[in-house]
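See structure below.
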Amino acid sequence: MKTILLITTGGTIACRKNEAGVYSPELRGRELTACVPEIASICEPRYNDIYQTPLDSTNIQLSDWALMSEAIYAGLTQDCDGIVVTMGTDTMSYTAAMLSFMLINPHKPVILTGSQIPMTAPGTDGKQNLLDAFQTALAGYPGIYIVFDGKIIYGTRASKVDALSSCAIEPINVPRAGSVTAGGVLMEHPIKIPAGGETRMDNRVCGDVFLLKLIPGLVPDKIDTLLDLGFKGIVLEVFGLQGIPTASDGRASVYQSIKKVLERGKTIPIAATTQCVKGETNFGVYALGGRELLEAGLIPCYDMTTEAAVTKLMWLLGHDYSVGEIKAEMLRNYCGEISDTAASRAWTPELGASGEDRRDSGVNLPV
Ligand code: ASP
C-alpha cells in the first residue's frame, strides 16, 4: 500500500466551534482522516501536525512558509509516495504559489487542500476535498497543486474567488490541470518536472513587498512615501489592461508618482498585475503612457496572478539579485506562473519553455 504524508496546519477544515460560538482550528491529522474512513482503505497515511496550536491561514507569515516548505521537503526526500497539506483557504493560493517557488523539482505530488465548511459540521466539503486530495496524491503526478471542489489546480495559477461557496478556489488564465470525479483522478495537463532534476528547497524570501490596489481618487503623494517606509518591492494592481490614472485637465496623477518612484535611482522593483480576476496586463493599448512606464522600468506581469507576482517578488528579493535582474526573472517562467514571453506567451504546463525549471539554468542562479 502506498504511503501518503498528511501535513496539517489548521484552517476551516480543522475547525470546531468554541464556547464563544466561533470557529477555531483544532483537529489534528488523525482526527481529520478519521472523518473520512475511505482514506485508510486506499493508503497508509503518515502524519505531521506542524503546529501545537493549528493556525487560521489569515495568520500565515513568512516563517510559516519556511516551516511548511521544510516539512514538505522532508516528505519529498524521505520514504513516502506523496504529500497532502491541509490549510485554510484564505491564503491558500499565496501559499501554493510560494511553495512552488521554494520547492524545486518536486518529484512527488504535493497537494494542498482545505474546506469552506469545517470537517465536523453538517454539509462539510472537507470530507470530499480531503479524499480527493489523497486520491490525487496517490495518482502520482509530481508537482505542487491545489485540489478543491473536484478541480486539480496548478499551485501558481489559483485564486480564492468566493468567500462562501464550495467552489472557492479557481484556476486563473489556464485550464485546470485535471479533475477528481466519482470515476477517479483524470489528469489532463500534468506539470512536467525534468526527470534528472534534483529536488531542492530554497526558502529564502524577503517580506518587504507592498501590494497597492489602485482606486479612483488615490492621492498620488502617498505613493512616494511607500519608498520611505522601507519596502523593497511593490506590486501594483492596475485597472483592467493597463489603467494607472494619468494627469489631464488638472486631475491628480498617480502615474507621475509611479514614474518618479521608478526613476528615483531605480531602487526598487515595481511590478504590475491587473485587478481583474482573469486576463492580463498590456501596457501598449491606450494613450495612458504605458510604454513610458515600461521604459522607466515597470515590470508587466502579463497573465500572472497577483498571488504569484507577490510571492515571486518576495522570493526573488530574498536572493542576491539587482533590480534589473529581478525584472528579467519576474518575466521568466519558473514553474508555470507566467505564460512564455518567448513563445508569444503561449502557456504550457512544462516548467519553462524548454521543459526545465529555469532556476536550474538561469544566469546568477541562487542555490
Ligand atoms: N479563515 C479560514 C482560513 O483561511 C478560512 C478557510 O479555511 O476557508 O484559515
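Just remember, in the C-alpha cells the first chain shown is A, the second B, etc., residues are 1-based per chain, and ligands are 1-based in the order shown.
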Name the residues, by chain letter and number, that sit within 7 Å of ligand 1 using only C-alpha atoms and all ligand atoms, and give them as a compact mmCIF listing (two decimals) with C-alpha atoms, in the first residue's frame.
# COMPACT_ATOMS: atom_id res chain seq x y z
CA GLY A 10 -5.17 24.33 10.52
CA GLY A 11 -7.82 26.26 8.56
CA THR A 12 -11.58 25.84 8.45
CA ILE A 13 -11.25 22.17 7.57
CA LEU A 55 -3.49 28.23 12.51
CA ASP A 56 -6.17 30.18 10.75
CA SER A 57 -4.40 30.78 7.44
CA THR A 58 -5.06 34.52 7.86
CA MET A 87 -4.67 24.55 5.45
CA GLY A 88 -7.08 27.46 5.39
CA THR A 89 -8.41 28.63 2.06
CA ASP A 90 -7.97 32.36 2.67
CA THR A 91 -4.27 32.39 1.86
CA GLY A 114 -8.93 22.68 2.80
CA SER A 115 -12.63 23.42 3.02
CA GLN A 116 -15.21 26.15 3.36
Do a neighbour search on Pro245 of chain A at 6 Å with only C-alpha atoms, toss out local chain neighbours closer than 4 positions, and write the hits as a short mmCIF file (atom, residue, chain, number, x, y, z; two decimals) with all heavy atoms, in the first residue's frame.
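Dumped everything to selection.cif:
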data_model
loop_
_atom_site.label_atom_id
_atom_site.label_comp_id
_atom_site.auth_asym_id
_atom_site.auth_seq_id
_atom_site.Cartn_x
_atom_site.Cartn_y
_atom_site.Cartn_z
N SER A 253 -2.37 62.85 -10.55
CA SER A 253 -1.71 61.86 -11.38
C SER A 253 -0.92 60.85 -10.56
O SER A 253 0.20 61.11 -10.14
CB SER A 253 -0.79 62.57 -12.37
OG SER A 253 0.06 61.62 -12.97
N VAL A 254 -1.52 59.72 -10.39
CA VAL A 254 -0.80 58.63 -9.75
C VAL A 254 0.36 58.22 -10.66
O VAL A 254 1.44 57.86 -10.21
CB VAL A 254 -1.77 57.44 -9.54
CG1 VAL A 254 -1.04 56.20 -9.10
CG2 VAL A 254 -2.82 57.82 -8.51
N TYR A 255 0.07 58.33 -11.97
CA TYR A 255 1.05 57.97 -12.98
C TYR A 255 2.40 58.66 -12.75
O TYR A 255 3.45 58.03 -12.76
CB TYR A 255 0.47 58.35 -14.35
CG TYR A 255 1.38 58.11 -15.52
CD1 TYR A 255 1.37 56.90 -16.20
CD2 TYR A 255 2.25 59.11 -15.96
CE1 TYR A 255 2.20 56.68 -17.28
CE2 TYR A 255 3.09 58.90 -17.03
CZ TYR A 255 3.06 57.69 -17.68
OH TYR A 255 3.89 57.48 -18.74
#
Set the distance at 7 Å and use only C-alpha atoms: which residues neighbour segment 151-168 of chain A once local chain neighbours fewer than 3 positions away are removed? I'd like the list as a list of chain:residue names.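 The contact residues come out as A:Asp90, A:Ser93, A:Ala96, A:Ala97, A:Ser100, A:Gln116, A:Asp125, A:Ile144, A:Tyr145, A:Ile146, A:Val147, A:Phe148, A:Pro171, A:Ile172, A:Arg176, A:Ala177, A:Gly178, A:Ser179, A:Val180, A:Thr305, A:Ala308, A:Gly336, A:Glu337.
Taking only C-alpha atoms into account, Leu32 of chain A lies nearest to A:Thr8 out of the set A:Thr273, A:Thr3, A:Gln256, A:Thr8.
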Closest pair table for segment 113-187 of chain A residues within 10 Å of segment 24-28 of chain A, only C-alpha atoms, as a tab-separated table:
residue	atom	partner	partner_atom	distance
A:Pro118	CA	A:Pro25	CA	8.8
A:Met119	CA	A:Leu27	CA	8.8
A:Thr120	CA	A:Leu27	CA	9.3
Within 10 Å of Ala71 of chain A using only C-alpha atoms, minus same-chain residues under 3 positions, as a ChimeraX atom specification: /A:5,7,48-50,65-68,74-76,83,85
N, CA and C atoms of the current selection, written as a JSON list (two decimals), in the first residue's frame:
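What follows is the written file out-v7.json:
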[["chain", "number", "residue", "atom", "x", "y", "z"],
["A", 5, "LEU", "N", 1.95, 11.22, 3.17],
["A", 5, "LEU", "CA", 2.22, 12.05, 4.35],
["A", 5, "LEU", "C", 1.17, 13.16, 4.41],
["A", 7, "ILE", "N", 0.34, 16.57, 6.09],
["A", 7, "ILE", "CA", 0.88, 17.68, 6.89],
["A", 7, "ILE", "C", -0.30, 18.60, 7.20],
["A", 48, "ASN", "N", 2.10, 14.60, 10.07],
["A", 48, "ASN", "CA", 2.96, 15.64, 10.64],
["A", 48, "ASN", "C", 2.10, 16.87, 10.91],
["A", 49, "ASP", "N", 1.68, 17.02, 12.17],
["A", 49, "ASP", "CA", 0.91, 18.22, 12.56],
["A", 49, "ASP", "C", 1.94, 19.27, 12.93],
["A", 50, "ILE", "N", 2.13, 20.25, 12.07],
["A", 50, "ILE", "CA", 3.32, 21.11, 12.29],
["A", 50, "ILE", "C", 3.12, 22.18, 13.35],
["A", 65, "TRP", "N", 5.71, 29.74, 6.02],
["A", 65, "TRP", "CA", 6.05, 29.16, 4.71],
["A", 65, "TRP", "C", 7.38, 28.40, 4.79],
["A", 66, "ALA", "N", 8.30, 28.93, 5.59],
["A", 66, "ALA", "CA", 9.58, 28.21, 5.76],
["A", 66, "ALA", "C", 9.33, 26.85, 6.41],
["A", 67, "LEU", "N", 8.50, 26.86, 7.46],
["A", 67, "LEU", "CA", 8.18, 25.62, 8.18],
["A", 67, "LEU", "C", 7.47, 24.62, 7.26],
["A", 68, "MET", "N", 6.51, 25.12, 6.50],
["A", 68, "MET", "CA", 5.77, 24.23, 5.60],
["A", 68, "MET", "C", 6.69, 23.66, 4.53],
["A", 74, "ALA", "N", 11.00, 17.40, 3.57],
["A", 74, "ALA", "CA", 11.31, 16.14, 4.27],
["A", 74, "ALA", "C", 10.51, 15.00, 3.64],
["A", 75, "GLY", "N", 9.25, 15.25, 3.33],
["A", 75, "GLY", "CA", 8.43, 14.23, 2.68],
["A", 75, "GLY", "C", 8.91, 13.91, 1.28],
["A", 76, "LEU", "N", 9.40, 14.94, 0.57],
["A", 76, "LEU", "CA", 9.86, 14.72, -0.81],
["A", 76, "LEU", "C", 11.12, 13.87, -0.84],
["A", 83, "ILE", "N", 2.33, 13.76, -0.84],
["A", 83, "ILE", "CA", 2.13, 14.62, 0.33],
["A", 83, "ILE", "C", 0.81, 15.37, 0.17],
["A", 85, "VAL", "N", -1.31, 18.49, 2.09],
["A", 85, "VAL", "CA", -1.19, 19.56, 3.09],
["A", 85, "VAL", "C", -2.57, 20.15, 3.30]]
Go ahead and compute the interatomic distance for atom CA of Gly196 of chain A and atom CA of Thr77 of chain A, in Å to one decimal. 14.5 Å
Check segment 83-236 of chain A with DSSP on the backbone and list each residue it calls alpha helix (DSSP H), as number ranges by chain. A: 92-102, 126-139, 221-228
I need the residues from that last selection saved to file as a short mmCIF file (atom, residue, chain, number, x, y, z; two decimals), in the first residue's frame (with C-alpha atoms), if you can.
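What ended up in out.cif:
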data_model
loop_
_atom_site.label_atom_id
_atom_site.label_comp_id
_atom_site.auth_asym_id
_atom_site.auth_seq_id
_atom_site.Cartn_x
_atom_site.Cartn_y
_atom_site.Cartn_z
CA MET A 92 -4.01 29.01 0.15
CA SER A 93 -3.29 30.48 -3.29
CA TYR A 94 -0.45 32.63 -1.92
CA THR A 95 0.92 29.59 -0.09
CA ALA A 96 0.68 27.27 -3.08
CA ALA A 97 2.49 29.84 -5.24
CA MET A 98 5.20 30.44 -2.65
CA LEU A 99 5.77 26.71 -2.13
CA SER A 100 6.04 26.32 -5.90
CA PHE A 101 8.95 28.78 -5.87
CA MET A 102 10.58 27.32 -2.77
CA GLY A 126 -13.91 18.90 3.82
CA LYS A 127 -14.50 15.15 3.54
CA GLN A 128 -14.72 15.20 -0.25
CA ASN A 129 -11.79 17.60 -0.62
CA LEU A 130 -9.57 15.54 1.68
CA LEU A 131 -10.44 12.30 -0.08
CA ASP A 132 -9.88 13.95 -3.49
CA ALA A 133 -6.51 15.27 -2.29
CA PHE A 134 -5.41 11.80 -1.15
CA GLN A 135 -6.60 10.26 -4.41
CA THR A 136 -4.69 12.86 -6.41
CA ALA A 137 -1.57 12.27 -4.32
CA LEU A 138 -1.95 8.53 -4.96
CA ALA A 139 -2.29 9.10 -8.70
CA ASP A 221 1.78 61.74 -2.86
CA LYS A 222 1.07 58.69 -0.75
CA ILE A 223 2.82 56.51 -3.29
CA ASP A 224 6.16 58.31 -2.96
CA THR A 225 6.11 57.71 0.77
CA LEU A 226 5.99 53.93 0.28
CA LEU A 227 9.66 54.10 -0.58
CA ASP A 228 10.45 55.91 2.64
#
Given only C-alpha atoms as the counted atoms, nearest of A:Ile326, A:Ile60, A:Gly284, A:Pro175 to Glu188 of chain A: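 Nearest candidate to Glu188 of chain A out of A:Ile326, A:Ile60, A:Gly284, A:Pro175: A:Pro175.
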My list of candidates is A:Lys327, A:Lys312, A:Lys232, A:Lys108. Which is closest to Ala195 of chain A when distances are computed with only C-alpha atoms?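 Smallest separation from Ala195 of chain A among the options: A:Lys108.
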For a quick check of understanding, using only C-alpha atoms, which of A:Thr306, A:Gln78, A:Asn282, A:Asn18 has the smallest distance to Leu236 of chain A?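 Using only C-alpha atoms, Leu236 of chain A sits closest to A:Thr306.
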When DSSP works through the backbone of this structure, what residues of segment 6-182 of chain A end up as strand (DSSP E or B), shown as a ChimeraX atom specification? /A:6-8,10,15-17,23-25,44-49,55,82-86,103-104,109-113,143-148,151-154,158-160,169-171,178-181
